[in-house]
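Written below as structure tokens is the structure these notes are about.
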Amino acid sequence: MIEEFREACGFTPEQILGVGLSVPAIVSEDGGTLINSYTFRLQNCLVEQFAAHIPYPCKFIRDPNASALAEMHCRSGQENLFYLSLNRSVGGVLFHGSQPYFGDRGRSGEIGHMVLVPDGRRCYCGKRGCVNAYCSCAALLKDFSGGLEHFFELEQSGDAKASARLDECLSYLAVTLNTVRILFDCDVVVGGQLGAYAERFLPALKQKAFALDPALPESDYIKACTYRTEASAVGAALLFIDDFIETI
Ligand SMILES: [Zn+2]
């Protein structure tokens, strides 16, 4: 598929710098090892296992990191930012001084597993009350079929069940966002698959965040993501492009 795509784009193999593999996983700093993925049920997987089938240099990148890289690329001049990735699971990345902060073990920003409700709903990690169990797309769409587009169509048409579910999700999201704001005092970008629908819920989310904590300067710290789709693909590509530019 990669070769077909390259040919369809009219590029020669020599023009391809590499292939970034955006994965829902903790990965090593050099992108060479997928350390742990609950989603894939995979541990300590080397990128060589994929690279054996792909004729270009390959690197893993944790998917929220990839999306956040793409977002920062569009925000030249912004130094501090927390990117919240709302996909099937929730992740995040803190940028400080325009650089991502990954922590001592590459696990910084794993906000999906921050406990929001003690003894709350079960998270797929085994703990109870994690942000994932309340604010992820999986939590939002539980008992709904047809994906996000269909869910928001229902909500817009006044479906009571969809409206109640969105309202509940936004309430928990507002608590999460205010916590991030208190910790890091920077803009928080709402991204990931849910971020693509930000226009439909951002005003309500800001209202909830402000009502919870009027002491915060203003709920304007909550921003919609720039890339509405495929942000992680752009970020995974930027890994190679940034390295290439450094060599010029
Ligand atoms: Zn969890």
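By order of appearance in the structure tokens: chains A, B, ..., then residues from 1 within every chain, and ligands from 1 in the order shown.
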Please build the interface table for chain A against ligand 1 with a cut-off of 8 Å, listing for each qualifying residue the nearest atom pair and the distance in Å to one decimal; count only C-alpha atoms and all ligand atoms, order rows by chain and increasing number, and write it as a tab-separated table.
residue	atom	partner	partner_atom_place_in_ligand_line	distance
A:Gly112	CA	ligand 1	1 (Zn)	6.2
A:His113	CA	ligand 1	1 (Zn)	3.8
A:Met114	CA	ligand 1	1 (Zn)	6.9
A:Val115	CA	ligand 1	1 (Zn)	7.5
A:Arg122	CA	ligand 1	1 (Zn)	7.8
A:Cys123	CA	ligand 1	1 (Zn)	4.6
A:Tyr124	CA	ligand 1	1 (Zn)	5.9
A:Cys125	CA	ligand 1	1 (Zn)	4.4
A:Gly126	CA	ligand 1	1 (Zn)	6.4
A:Lys127	CA	ligand 1	1 (Zn)	5.3
A:Arg128	CA	ligand 1	1 (Zn)	6.9
A:Gly129	CA	ligand 1	1 (Zn)	7.4
A:Cys130	CA	ligand 1	1 (Zn)	4.7
A:Val131	CA	ligand 1	1 (Zn)	7.2
A:Asn132	CA	ligand 1	1 (Zn)	6.2
A:Ala133	CA	ligand 1	1 (Zn)	7.5
How close does each residue of segment 65-156 of chain A get to segment 25-39 of chain A, giving the shortest atom pair and distance in Å to one decimal for every residue with an atom at most 10 Å away, counting only C-alpha atoms, sorted by chain and residue number, as a tab-separated table?
residue	atom	partner	partner_atom	distance
A:Arg88	CA	A:Thr39	CA	9.5
A:Ser89	CA	A:Thr39	CA	8.9
A:Phe102	CA	A:Glu29	CA	8.6
A:Arg105	CA	A:Ser28	CA	8.4
A:Gly106	CA	A:Ile26	CA	6.9
A:Arg107	CA	A:Ile26	CA	6.8
A:Ser108	CA	A:Ile26	CA	9.9
A:Glu110	CA	A:Ile26	CA	9.4
A:Tyr124	CA	A:Tyr38	CA	7.8
A:Cys125	CA	A:Tyr38	CA	7.2
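Of the listed residues (A:Leu94, A:Glu149, A:Leu177, A:Cys135), A:Cys135 comes nearest to Arg165 of chain A; the distances count only C-alpha atoms.
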Rank A:Asn44, A:Ser67, A:Ser171, A:Asn80 by their smallest atom-to-atom distance to Ala209 of chain A, using only C-alpha atoms, and report the top residue only.
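Checking each candidate against Ala209 of chain A, we get A:Ser171 as the closest.
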DSSP strand (DSSP E or B) residues within segment 2-248 of chain A, as a PyMOL selection string
chain A and resi 19-23+26-27+33-37+42-46+58-62+81-86+90-96+99-101+115+122+128+130+187-191+222-224
Neighbours of Lys223 of chain A within 7 Å (only C-alpha atoms; same-chain residues fewer than 5 positions away dropped), as a PyMOL selection string?
chain A and resi 187-190
Close residues, segment 51-57 of chain A itself excluded, 9 Å, only C-alpha atoms, min 6 positions apart in chain, as a ChimeraX atom specification
/A:2-3,13,16-20
Could you dump the residues just selected with N, CA and C atoms as a compact mmCIF listing (two decimals), in the first residue's frame?
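Output (again_39.txt):
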# COMPACT_ATOMS: atom_id res chain seq x y z
N ILE A 2 1.97 1.21 0.75
CA ILE A 2 2.86 2.37 0.80
C ILE A 2 3.45 2.65 -0.57
N GLU A 3 3.89 1.57 -1.25
CA GLU A 3 4.47 1.74 -2.58
C GLU A 3 3.44 2.22 -3.59
N PRO A 13 11.41 6.48 -5.02
CA PRO A 13 11.79 5.95 -3.70
C PRO A 13 12.81 6.85 -3.00
N ILE A 16 11.63 9.58 -0.62
CA ILE A 16 10.93 9.24 0.63
C ILE A 16 11.93 9.19 1.78
N LEU A 17 11.71 10.02 2.79
CA LEU A 17 12.63 10.06 3.93
C LEU A 17 12.39 8.90 4.88
N GLY A 18 11.16 8.48 5.02
CA GLY A 18 10.87 7.39 5.94
C GLY A 18 9.38 7.25 6.16
N VAL A 19 9.03 6.29 7.00
CA VAL A 19 7.62 6.03 7.30
C VAL A 19 7.43 6.10 8.81
N GLY A 20 6.59 7.02 9.23
CA GLY A 20 6.27 7.16 10.65
C GLY A 20 5.02 6.35 10.97
Which value, in Å to one decimal, gives the distance between atom CA of Asp63 of chain A and atom CA of Gly92 of chain A?
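These atoms are spaced 9.4 Å apart.
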Would you give me, as a PyMOL selection string, the residues in segment 19-174 of chain A that DSSP reads as helix (DSSP H, G or I)?
chain A and resi 48-51+63-74+111-113+132-135+137-140+147-156+160-174
With only C-alpha atoms as the basis for distance, which of A:Gln49, A:Glu7, A:Val93, A:Phe210 is at the shortest distance from Ala70 of chain A?
A:Val93
Leaving out Thr229 of chain A and any residue of its chain fewer than 4 positions from it, which residues lie within 8 Å of it when counting only C-alpha atoms, given as a ChimeraX atom specification?
/A:192-193,196
Output file for the residues above (all heavy atoms, as an mmCIF file, in the first residue's frame):
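Result went into out35.cif, see below:
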data_model
loop_
_atom_site.group_PDB
_atom_site.id
_atom_site.type_symbol
_atom_site.label_atom_id
_atom_site.label_comp_id
_atom_site.auth_asym_id
_atom_site.auth_seq_id
_atom_site.Cartn_x
_atom_site.Cartn_y
_atom_site.Cartn_z
ATOM 1 N N GLY A 192 -7.746 15.304 18.531
ATOM 2 C CA GLY A 192 -8.148 13.918 18.291
ATOM 3 C C GLY A 192 -9.425 13.868 17.458
ATOM 4 O O GLY A 192 -9.880 14.885 16.917
ATOM 5 N N GLN A 193 -9.995 12.691 17.356
ATOM 6 C CA GLN A 193 -11.212 12.520 16.530
ATOM 7 C C GLN A 193 -12.362 13.382 17.037
ATOM 8 O O GLN A 193 -13.128 13.940 16.249
ATOM 9 C CB GLN A 193 -11.634 11.056 16.531
ATOM 10 C CG GLN A 193 -10.677 10.170 15.744
ATOM 11 C CD GLN A 193 -10.917 8.700 15.989
ATOM 12 O OE1 GLN A 193 -11.340 8.294 17.068
ATOM 13 N NE2 GLN A 193 -10.635 7.889 14.995
ATOM 14 N N ALA A 196 -12.338 17.072 16.005
ATOM 15 C CA ALA A 196 -12.835 17.412 14.667
ATOM 16 C C ALA A 196 -14.247 18.006 14.732
ATOM 17 O O ALA A 196 -14.682 18.687 13.812
ATOM 18 C CB ALA A 196 -12.834 16.170 13.783
#
Nearest-residue call for Ser163 of chain A, choices A:Gly191, A:Leu141, A:Thr179, A:Leu239, using only C-alpha atoms:
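Once distances to Ser163 of chain A are computed over only C-alpha atoms, the minimum belongs to A:Leu141.
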For Leu21 of chain A, work out the shell of residues within 10 Å, counting only C-alpha atoms and skipping chain neighbours fewer than 6 positions away, then give it as a count of residues only.
15
Atom-to-atom span, atom CA of Phe11 of chain A and atom CA of Thr226 of chain A, Å
27.1 Å
Separation of atom CA of Leu116 of chain A from atom CA of Lys206 of chain A in Å:
18.6 Å
